[in-house]
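A.B. asks: The following file, entry_14.csv, comprises CSV, C-alpha atoms:
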```csv
chain,number,residue,atom,x,y,z
A,1,MET,CA,122.2,136.7,174.0
A,2,SER,CA,122.3,133.3,175.6
A,3,ASN,CA,123.4,132.8,179.1
A,4,TYR,CA,126.3,130.3,179.9
A,5,ASN,CA,126.8,128.4,183.2
A,6,ARG,CA,130.2,127.4,184.5
A,7,ASN,CA,130.7,123.6,185.0
A,8,ASN,CA,133.0,122.1,187.6
A,9,ASP,CA,135.7,122.5,185.1
A,10,GLU,CA,136.6,126.2,185.2
A,11,ASN,CA,137.5,126.2,181.5
A,12,ALA,CA,134.4,124.4,180.2
A,13,TYR,CA,131.1,126.0,179.3
A,14,HIS,CA,127.9,124.7,177.8
A,15,SER,CA,125.1,126.6,176.2
A,16,GLU,CA,121.6,126.7,177.7
A,17,ASP,CA,120.3,127.0,174.1
A,18,PRO,CA,120.5,123.5,172.7
A,19,LEU,CA,119.8,124.7,169.1
A,20,LEU,CA,122.8,127.1,169.3
A,21,GLU,CA,125.0,124.3,170.7
A,22,PHE,CA,123.9,121.9,168.0
A,23,ALA,CA,124.5,124.5,165.3
A,24,THR,CA,128.0,125.2,166.6
A,25,GLN,CA,128.8,121.5,166.7
A,26,LEU,CA,127.4,121.0,163.2
A,27,PHE,CA,129.5,123.9,161.9
A,28,ALA,CA,132.6,122.6,163.5
A,29,PHE,CA,131.9,119.1,162.0
A,30,SER,CA,131.3,120.6,158.5
A,31,VAL,CA,134.5,122.6,158.6
A,32,THR,CA,136.5,119.5,159.6
A,33,LYS,CA,134.8,117.3,157.0
A,34,LEU,CA,135.4,119.9,154.3
A,35,LYS,CA,139.0,120.2,155.2
A,36,ASP,CA,139.4,116.4,155.1
A,37,THR,CA,137.7,116.2,151.8
A,38,VAL,CA,139.9,118.9,150.2
A,39,GLU,CA,143.0,117.3,151.6
A,40,GLU,CA,141.9,113.9,150.3
A,41,LYS,CA,141.3,115.2,146.8
A,42,ILE,CA,144.6,116.9,146.8
A,43,ASN,CA,146.4,113.8,147.9
A,44,ILE,CA,144.6,111.7,145.3
A,45,LYS,CA,145.5,114.1,142.6
A,46,ILE,CA,149.2,114.1,143.7
A,47,ASN,CA,149.4,110.3,143.9
A,48,LYS,CA,147.7,109.9,140.6
A,49,GLU,CA,150.1,112.3,139.0
A,50,LYS,CA,153.1,110.6,140.5
A,51,ALA,CA,152.0,107.1,139.5
A,52,ARG,CA,150.2,107.8,136.2
A,53,ASN,CA,152.9,106.6,133.8
A,54,LYS,CA,153.7,103.5,135.9
A,55,LEU,CA,150.1,102.6,136.3
A,56,ASN,CA,149.5,102.9,132.6
A,57,ILE,CA,152.3,100.6,131.8
A,58,LEU,CA,151.4,98.0,134.5
A,59,GLU,CA,147.7,98.1,133.4
A,60,TYR,CA,148.7,97.7,129.8
A,61,ALA,CA,151.0,94.8,130.6
A,62,GLU,CA,148.4,93.0,132.7
A,63,ASN,CA,145.9,93.2,129.8
A,64,ALA,CA,148.6,92.2,127.4
A,65,LYS,CA,149.3,88.9,129.2
A,66,ASN,CA,145.9,87.6,128.1
A,67,LYS,CA,146.3,88.5,124.4
A,68,LYS,CA,147.0,86.4,121.4
A,69,ASN,CA,149.0,87.2,118.3
A,70,TYR,CA,149.0,90.9,117.7
A,71,TYR,CA,145.5,91.5,119.2
A,72,THR,CA,145.4,94.7,121.2
A,73,PRO,CA,142.8,95.7,123.7
A,74,ASP,CA,142.7,99.2,122.1
A,75,GLU,CA,143.3,98.9,118.4
A,76,SER,CA,142.2,102.5,117.8
A,77,GLU,CA,144.9,103.8,120.1
A,78,GLU,CA,147.5,101.7,118.3
A,79,GLU,CA,146.3,103.1,115.0
A,80,ARG,CA,146.5,106.6,116.4
A,81,LEU,CA,150.2,106.1,117.3
A,82,ILE,CA,151.0,104.7,113.9
A,83,GLU,CA,149.3,107.7,112.3
A,84,LEU,CA,151.4,110.1,114.4
A,85,ILE,CA,154.6,108.4,113.2
A,86,LYS,CA,153.5,108.4,109.6
A,87,ARG,CA,152.8,112.1,109.6
A,88,LYS,CA,156.6,112.6,109.9
A,89,ASP,CA,157.7,109.4,108.2
A,90,PRO,CA,155.2,108.2,105.5
A,91,GLU,CA,157.2,105.1,104.6
A,92,PHE,CA,157.1,103.8,108.2
A,93,ASN,CA,155.8,100.2,108.1
A,94,LYS,CA,154.1,98.9,111.3
A,95,GLU,CA,154.4,95.2,110.5
A,96,LEU,CA,158.1,95.4,109.6
A,97,PHE,CA,158.9,97.4,112.7
A,98,GLU,CA,157.1,94.7,114.8
A,99,HIS,CA,159.3,92.1,113.3
A,100,TYR,CA,162.4,94.3,113.7
A,101,ALA,CA,161.6,94.8,117.4
A,102,GLU,CA,161.2,91.0,117.9
A,103,ASP,CA,164.4,90.3,116.0
A,104,ILE,CA,166.4,92.7,118.2
A,105,PHE,CA,164.9,91.2,121.3
A,106,ARG,CA,165.9,87.7,120.3
A,107,LYS,CA,169.4,88.8,119.3
A,108,LEU,CA,169.8,90.6,122.7
A,109,MET,CA,168.8,87.5,124.7
A,110,HIS,CA,171.2,85.3,122.6
A,111,ALA,CA,174.0,87.8,123.0
A,112,TYR,CA,173.5,87.9,126.8
A,113,CYS,CA,173.6,84.1,127.1
A,114,ASN,CA,176.7,83.8,124.9
A,115,ASN,CA,178.5,87.0,125.9
A,116,GLU,CA,178.5,88.2,122.3
A,117,PHE,CA,177.7,91.9,122.4
A,118,GLU,CA,179.9,93.6,119.8
A,119,SER,CA,177.7,92.9,116.8
A,120,LEU,CA,174.8,94.6,118.5
A,121,ARG,CA,176.3,98.0,119.0
A,122,LYS,CA,174.6,99.5,115.9
A,123,TYR,CA,171.2,98.4,117.2
A,124,ILE,CA,171.3,98.6,121.0
A,125,ASP,CA,172.3,101.4,123.3
A,126,ILE,CA,175.7,100.9,124.9
A,127,ASN,CA,174.3,101.2,128.4
A,128,ILE,CA,172.0,98.3,127.9
A,129,LEU,CA,174.9,96.2,126.5
A,130,GLU,CA,177.2,97.1,129.3
A,131,THR,CA,174.6,96.3,132.0
A,132,LEU,CA,174.0,92.8,130.5
A,133,ARG,CA,177.7,92.3,129.9
A,134,THR,CA,178.4,93.0,133.6
A,135,GLN,CA,175.7,90.5,134.7
A,136,ALA,CA,177.1,87.9,132.3
A,137,MET,CA,180.6,88.4,133.7
A,138,LYS,CA,179.2,87.9,137.3
A,139,ASN,CA,177.8,84.6,136.2
A,140,TYR,CA,181.1,83.7,134.6
A,141,ALA,CA,182.9,84.5,137.9
A,142,LEU,CA,180.6,82.2,139.7
A,143,LYS,CA,181.2,79.5,137.1
A,144,GLU,CA,177.6,79.7,136.0
A,145,LYS,CA,175.9,80.3,132.7
A,146,GLU,CA,172.4,81.6,132.3
A,147,GLU,CA,170.3,80.2,129.5
A,148,ILE,CA,167.3,82.0,128.2
A,149,ILE,CA,165.4,80.1,125.5
A,150,VAL,CA,162.7,82.3,123.8
A,151,GLU,CA,160.1,79.8,122.7
A,152,SER,CA,157.8,82.4,121.1
A,153,VAL,CA,156.9,86.0,120.9
A,154,ASN,CA,153.1,86.0,121.0
A,155,TYR,CA,152.5,89.7,120.1
A,156,VAL,CA,154.2,93.0,119.5
A,157,ASP,CA,152.0,96.0,120.3
A,158,PHE,CA,152.7,99.6,119.9
A,159,PHE,CA,152.4,101.2,123.3
A,160,GLY,CA,153.7,104.7,122.9
A,161,TYR,CA,155.2,107.4,120.7
A,162,HIS,CA,156.7,110.7,121.7
A,163,THR,CA,159.5,113.2,121.0
A,164,GLU,CA,162.2,114.3,123.4
A,165,GLY,CA,163.9,117.3,121.9
A,166,LYS,CA,165.6,116.1,118.8
A,167,ILE,CA,164.8,112.5,119.5
A,168,GLU,CA,161.7,110.5,118.7
A,169,VAL,CA,160.8,107.4,120.7
A,170,VAL,CA,158.6,104.4,119.9
A,171,SER,CA,157.7,101.9,122.6
A,172,VAL,CA,156.3,98.5,122.1
A,173,ALA,CA,155.2,95.7,124.4
A,174,LEU,CA,156.3,92.1,123.6
A,175,GLY,CA,154.5,89.1,125.0
A,176,VAL,CA,157.1,86.3,125.5
A,177,ASN,CA,157.1,82.6,126.3
A,178,TYR,CA,160.5,81.5,127.4
A,179,PHE,CA,162.6,79.1,129.6
A,180,ASP,CA,165.2,80.6,132.0
A,181,PHE,CA,167.7,78.5,133.9
A,182,ILE,CA,171.3,78.5,135.1
A,183,LYS,CA,173.9,75.8,134.6
A,184,ASN,CA,177.1,75.1,136.4
A,185,VAL,CA,180.4,74.1,134.8
A,186,ASP,CA,179.2,70.5,134.6
A,187,GLY,CA,176.1,71.5,132.6
A,188,LYS,CA,173.8,70.7,135.6
A,189,ILE,CA,170.8,73.1,136.1
A,190,THR,CA,171.2,74.7,139.5
A,191,LYS,CA,168.4,77.4,139.2
A,192,GLY,CA,165.3,77.6,137.1
A,193,SER,CA,164.0,74.9,134.8
A,194,ASP,CA,164.3,73.9,131.1
A,195,LYS,CA,160.8,72.4,131.4
A,196,ILE,CA,158.8,75.0,133.2
A,197,LYS,CA,157.8,77.7,130.7
A,198,ASN,CA,157.6,81.4,131.8
A,199,ARG,CA,155.3,84.0,130.4
A,200,THR,CA,155.9,87.7,130.7
A,201,THR,CA,155.7,91.1,128.9
A,202,TYR,CA,158.7,93.2,128.0
A,203,LEU,CA,158.5,96.9,127.3
A,204,LEU,CA,161.0,98.0,124.7
A,205,SER,CA,161.7,101.6,123.6
A,206,PHE,CA,163.5,102.5,120.3
A,207,ALA,CA,164.9,106.0,119.5
A,208,ARG,CA,166.2,107.8,116.5
A,209,THR,CA,166.7,111.4,115.4
A,210,SER,CA,163.4,113.2,115.1
A,211,GLY,CA,162.5,113.8,111.5
A,212,ALA,CA,164.4,110.8,110.2
A,213,LYS,CA,162.8,109.0,107.2
A,214,THR,CA,162.5,105.3,106.7
A,215,ILE,CA,164.4,103.7,103.8
A,216,ASN,CA,162.4,100.6,103.4
A,217,ASN,CA,164.8,98.5,101.5
A,218,ILE,CA,163.2,95.1,102.2
A,219,LYS,CA,161.6,94.1,98.9
A,220,ASP,CA,158.5,92.0,98.2
A,221,TYR,CA,157.5,91.5,101.8
A,222,LYS,CA,154.6,89.0,101.9
A,223,ASP,CA,153.4,86.5,104.5
A,224,GLY,CA,156.4,86.8,106.7
A,225,VAL,CA,158.9,86.4,103.8
A,226,ALA,CA,161.1,89.2,102.5
A,227,TYR,CA,164.0,89.4,100.1
A,228,CYS,CA,167.4,91.1,100.6
A,229,PRO,CA,167.8,94.0,98.2
A,230,ASN,CA,171.6,93.3,98.1
A,231,CYS,CA,171.9,89.5,97.5
A,232,GLY,CA,168.2,88.5,96.9
A,233,GLY,CA,168.2,85.9,99.7
A,234,ALA,CA,165.0,85.1,101.5
A,235,ILE,CA,164.8,86.7,104.9
A,236,THR,CA,162.8,84.8,107.5
A,237,ASN,CA,164.6,85.0,110.8
A,238,SER,CA,166.1,88.5,110.9
A,239,TYR,CA,164.8,92.0,110.1
A,240,SER,CA,167.8,93.9,111.2
A,241,GLU,CA,170.3,92.5,108.8
A,242,CYS,CA,170.5,89.9,106.0
A,243,GLU,CA,171.5,86.5,107.4
A,244,PHE,CA,173.4,85.8,104.2
A,245,CYS,CA,175.3,88.9,103.2
A,246,HIS,CA,174.7,90.9,106.4
A,247,ALA,CA,173.3,93.9,104.6
A,248,ILE,CA,171.4,96.2,107.0
A,249,LEU,CA,167.7,95.9,106.5
A,250,TYR,CA,164.7,98.0,107.6
A,251,ASN,CA,167.0,101.0,107.6
A,252,SER,CA,166.5,104.8,108.0
A,253,THR,CA,168.7,107.9,107.9
A,254,ASP,CA,169.3,107.1,111.6
A,255,ASN,CA,168.7,103.6,112.6
A,256,TRP,CA,166.2,102.8,115.4
A,257,LEU,CA,168.3,102.2,118.5
A,258,LEU,CA,167.0,100.1,121.4
A,259,THR,CA,167.4,102.5,124.4
A,260,HIS,CA,165.3,100.8,127.1
A,261,ILE,CA,164.1,97.3,128.0
A,262,GLU,CA,162.1,96.4,131.0
A,263,GLU,CA,160.4,93.2,132.1
A,264,MET,CA,156.9,94.1,133.4
```
For the structure just supplied, provide its representation as structure tokens.
C.D. replies:
Amino acid sequence: MSNYNRNNDENAYHSEDPLLEFATQLFAFSVTKLKDTVEEKINIKINKEKARNKLNILEYAENAKNKKNYYTPDESEEERLIELIKRKDPEFNKELFEHYAEDIFRKLMHAYCNNEFESLRKYIDINILETLRTQAMKNYALKEKEEIIVESVNYVDFFGYHTEGKIEVVSVALGVNYFDFIKNVDGKITKGSDKIKNRTTYLLSFARTSGAKTINNIKDYKDGVAYCPNCGGAITNSYSECEFCHAILYNSTDNWLLTHIEEM
């Protein structure tokens, strides 16, 4: 057994055996280090779990900003999502759905700028419409009008697919070039610019009853041109309804409803 000598401090001791003292300090250091490492790993795991979905979306959007015309950084993942949808709905058409999503987005921006929401109730969740209606009314109260001019939608990429109880949800990312500005009652631009182009990515989610089947009633789709099954008119600007007779297009037993929209 080692002998210990008392220092001037009545409560402090030191070992006369330097090896034992070193071993004691090393053990204490190891225990502290192990504790810190374990706590750090736990915190990292918790933080990753909390932020996982948001990080995935933000990372995807950042990659998407540099893309061109339907190119995706992970085509195999997009194909996997389409395959999951087609297992339940064999007639699901990727390209037509992309055009449908773009069409709904353009209609929503137009409705917001012109306060014309009623015609969109069959395509867009009422909560989204009411939120935008409220913002439009605030602008009106301030005697202002916001103008959003969508110059182009550069890509529509499938981002996710999942089911929530009796509902299935498809999410897509849209890369958009647009102008955004506010005019006063005299038509003068007070905020934003009609000359400076903005570029951003929107995340849109569409939902329908799980197990619904696509009724693809758009005929002879080729090179961006389709024909209405009701009147035979050429459809080039709308994939939600015929612009001539207003027949509903790209239909299903339960229509896809836009339930979420978020600018990334």
A.B. asks: Which one is closest to Ala207 in chain A: A:Leu257, A:Val185, A:Leu108, A:Cys228? Count all atoms listed in the file.
C.D. replies: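 Closest to Ala207 in chain A of all the choices is A:Leu257.
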A.B. asks: Restricting the calculation to only C-alpha atoms: of A:Cys113, A:Ile124, A:Ile248, A:Leu132, which residue gets closest to Ile182 in chain A?
C.D. replies: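 The closest residue to Ile182 in chain A is A:Cys113.
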A.B. asks: Would you compute the distance between CA of Ile126 in chain A and CA of Ile167 in chain A? Give it in Å to one decimal.
C.D. replies: 16.8 Å
A.B. asks: Under the rule that only C-alpha atoms are counted, which of A:His162, A:Thr259, A:Thr214, A:Asp194 is the nearest residue to Lys94 in chain A?
C.D. replies: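 Comparing A:His162, A:Thr259, A:Thr214, A:Asp194 against Lys94 in chain A, the winner is A:Thr214.
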A.B. asks: What separation in Å, quoted to one decimal, exists between CA of Phe179 in chain A and CA of Cys242 in chain A?
C.D. replies: 27.1 Å
A.B. asks: Kindly give the distance, in Å, that separates CA of Glu263 in chain A and CA of Leu204 in chain A, rounded to a single decimal.
C.D. replies: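 Distance between the two atoms: 8.8 Å.
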A.B. asks: In file coordinates, which residues lie within 10 Å of (173.1, 89.3, 104.9) using only C-alpha atoms, given as a list in words?
C.D. replies: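 Those residues lying close to the given coordinates are Cys228, Pro229, Asn230, Cys231, Gly232, Gly233, Ala234, Ile235, Ser238, Ser240, Glu241, Cys242, Glu243, Phe244, Cys245, His246, Ala247, Ile248 and Leu249 of chain A.
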A.B. asks: Neighbourhood query: residues within 9 Å of (168.2, 111.9, 120.1), file coordinates, counting all atoms listed in the file; return as an mmCIF file with C-alpha atoms, keeping the file's coordinate frame.
C.D. replies:
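Final output, out30.cif:
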```
data_model
loop_
_atom_site.group_PDB
_atom_site.id
_atom_site.type_symbol
_atom_site.label_atom_id
_atom_site.label_comp_id
_atom_site.auth_asym_id
_atom_site.auth_seq_id
_atom_site.Cartn_x
_atom_site.Cartn_y
_atom_site.Cartn_z
ATOM 1 C CA THR A 163 159.500 113.200 121.000
ATOM 2 C CA GLU A 164 162.200 114.300 123.400
ATOM 3 C CA GLY A 165 163.900 117.300 121.900
ATOM 4 C CA LYS A 166 165.600 116.100 118.800
ATOM 5 C CA ILE A 167 164.800 112.500 119.500
ATOM 6 C CA GLU A 168 161.700 110.500 118.700
ATOM 7 C CA VAL A 169 160.800 107.400 120.700
ATOM 8 C CA ALA A 207 164.900 106.000 119.500
ATOM 9 C CA ARG A 208 166.200 107.800 116.500
ATOM 10 C CA THR A 209 166.700 111.400 115.400
ATOM 11 C CA SER A 210 163.400 113.200 115.100
#
```
A.B. asks: Taking the block above, write range 178-199 of chain A with N, CA and C atoms as a PDB file, in the first residue's frame.
C.D. replies:
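part-v1.pdb written:
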```
ATOM      1  N   TYR A 178     -39.321  33.524 -62.187  1.00  0.00           N
ATOM      2  CA  TYR A 178     -40.497  34.381 -62.111  1.00  0.00           C
ATOM      3  C   TYR A 178     -40.117  35.819 -61.735  1.00  0.00           C
ATOM      4  N   PHE A 179     -41.054  36.733 -61.972  1.00  0.00           N
ATOM      5  CA  PHE A 179     -40.935  38.124 -61.549  1.00  0.00           C
ATOM      6  C   PHE A 179     -41.993  38.361 -60.480  1.00  0.00           C
ATOM      7  N   ASP A 180     -41.633  39.099 -59.447  1.00  0.00           N
ATOM      8  CA  ASP A 180     -42.536  39.328 -58.324  1.00  0.00           C
ATOM      9  C   ASP A 180     -42.439  40.796 -57.921  1.00  0.00           C
ATOM     10  N   PHE A 181     -43.565  41.515 -57.988  1.00  0.00           N
ATOM     11  CA  PHE A 181     -43.551  42.930 -57.627  1.00  0.00           C
ATOM     12  C   PHE A 181     -44.929  43.359 -57.165  1.00  0.00           C
ATOM     13  N   ILE A 182     -44.989  44.509 -56.493  1.00  0.00           N
ATOM     14  CA  ILE A 182     -46.242  45.058 -55.976  1.00  0.00           C
ATOM     15  C   ILE A 182     -46.477  46.427 -56.590  1.00  0.00           C
ATOM     16  N   LYS A 183     -47.718  46.635 -57.040  1.00  0.00           N
ATOM     17  CA  LYS A 183     -48.105  47.916 -57.623  1.00  0.00           C
ATOM     18  C   LYS A 183     -49.112  48.627 -56.712  1.00  0.00           C
ATOM     19  N   ASN A 184     -49.068  49.969 -56.721  1.00  0.00           N
ATOM     20  CA  ASN A 184     -50.083  50.729 -56.004  1.00  0.00           C
ATOM     21  C   ASN A 184     -51.263  51.003 -56.932  1.00  0.00           C
ATOM     22  N   VAL A 185     -52.231  51.787 -56.454  1.00  0.00           N
ATOM     23  CA  VAL A 185     -53.443  52.030 -57.239  1.00  0.00           C
ATOM     24  C   VAL A 185     -53.159  52.770 -58.544  1.00  0.00           C
ATOM     25  N   ASP A 186     -52.033  53.463 -58.600  1.00  0.00           N
ATOM     26  CA  ASP A 186     -51.662  54.194 -59.814  1.00  0.00           C
ATOM     27  C   ASP A 186     -50.881  53.325 -60.795  1.00  0.00           C
ATOM     28  N   GLY A 187     -50.677  52.042 -60.419  1.00  0.00           N
ATOM     29  CA  GLY A 187     -49.939  51.149 -61.296  1.00  0.00           C
ATOM     30  C   GLY A 187     -48.434  51.277 -61.184  1.00  0.00           C
ATOM     31  N   LYS A 188     -47.967  52.012 -60.186  1.00  0.00           N
ATOM     32  CA  LYS A 188     -46.528  52.190 -59.990  1.00  0.00           C
ATOM     33  C   LYS A 188     -45.979  51.068 -59.119  1.00  0.00           C
ATOM     34  N   ILE A 189     -44.850  50.504 -59.511  1.00  0.00           N
ATOM     35  CA  ILE A 189     -44.220  49.436 -58.736  1.00  0.00           C
ATOM     36  C   ILE A 189     -43.572  50.028 -57.486  1.00  0.00           C
ATOM     37  N   THR A 190     -44.004  49.547 -56.328  1.00  0.00           N
ATOM     38  CA  THR A 190     -43.478  50.042 -55.053  1.00  0.00           C
ATOM     39  C   THR A 190     -42.530  49.058 -54.378  1.00  0.00           C
ATOM     40  N   LYS A 191     -42.668  47.770 -54.735  1.00  0.00           N
ATOM     41  CA  LYS A 191     -41.780  46.745 -54.181  1.00  0.00           C
ATOM     42  C   LYS A 191     -41.466  45.732 -55.282  1.00  0.00           C
ATOM     43  N   GLY A 192     -40.263  45.175 -55.224  1.00  0.00           N
ATOM     44  CA  GLY A 192     -39.885  44.194 -56.215  1.00  0.00           C
ATOM     45  C   GLY A 192     -39.553  44.839 -57.544  1.00  0.00           C
ATOM     46  N   SER A 193     -39.520  44.022 -58.593  1.00  0.00           N
ATOM     47  CA  SER A 193     -39.146  44.529 -59.916  1.00  0.00           C
ATOM     48  C   SER A 193     -39.750  43.650 -61.004  1.00  0.00           C
ATOM     49  N   ASP A 194     -40.150  44.286 -62.107  1.00  0.00           N
ATOM     50  CA  ASP A 194     -40.628  43.530 -63.257  1.00  0.00           C
ATOM     51  C   ASP A 194     -39.507  43.268 -64.252  1.00  0.00           C
ATOM     52  N   LYS A 195     -38.276  43.587 -63.846  1.00  0.00           N
ATOM     53  CA  LYS A 195     -37.114  43.372 -64.703  1.00  0.00           C
ATOM     54  C   LYS A 195     -36.084  42.420 -64.097  1.00  0.00           C
ATOM     55  N   ILE A 196     -36.109  42.297 -62.773  1.00  0.00           N
ATOM     56  CA  ILE A 196     -35.166  41.408 -62.098  1.00  0.00           C
ATOM     57  C   ILE A 196     -35.830  40.047 -61.896  1.00  0.00           C
ATOM     58  N   LYS A 197     -35.284  39.027 -62.526  1.00  0.00           N
ATOM     59  CA  LYS A 197     -35.872  37.688 -62.479  1.00  0.00           C
ATOM     60  C   LYS A 197     -35.449  36.944 -61.218  1.00  0.00           C
ATOM     61  N   ASN A 198     -36.413  36.296 -60.590  1.00  0.00           N
ATOM     62  CA  ASN A 198     -36.140  35.461 -59.424  1.00  0.00           C
ATOM     63  C   ASN A 198     -36.093  34.000 -59.844  1.00  0.00           C
ATOM     64  N   ARG A 199     -35.334  33.223 -59.092  1.00  0.00           N
ATOM     65  CA  ARG A 199     -35.231  31.793 -59.358  1.00  0.00           C
ATOM     66  C   ARG A 199     -35.344  31.049 -58.040  1.00  0.00           C
TER      67      ARG A 199
END
```
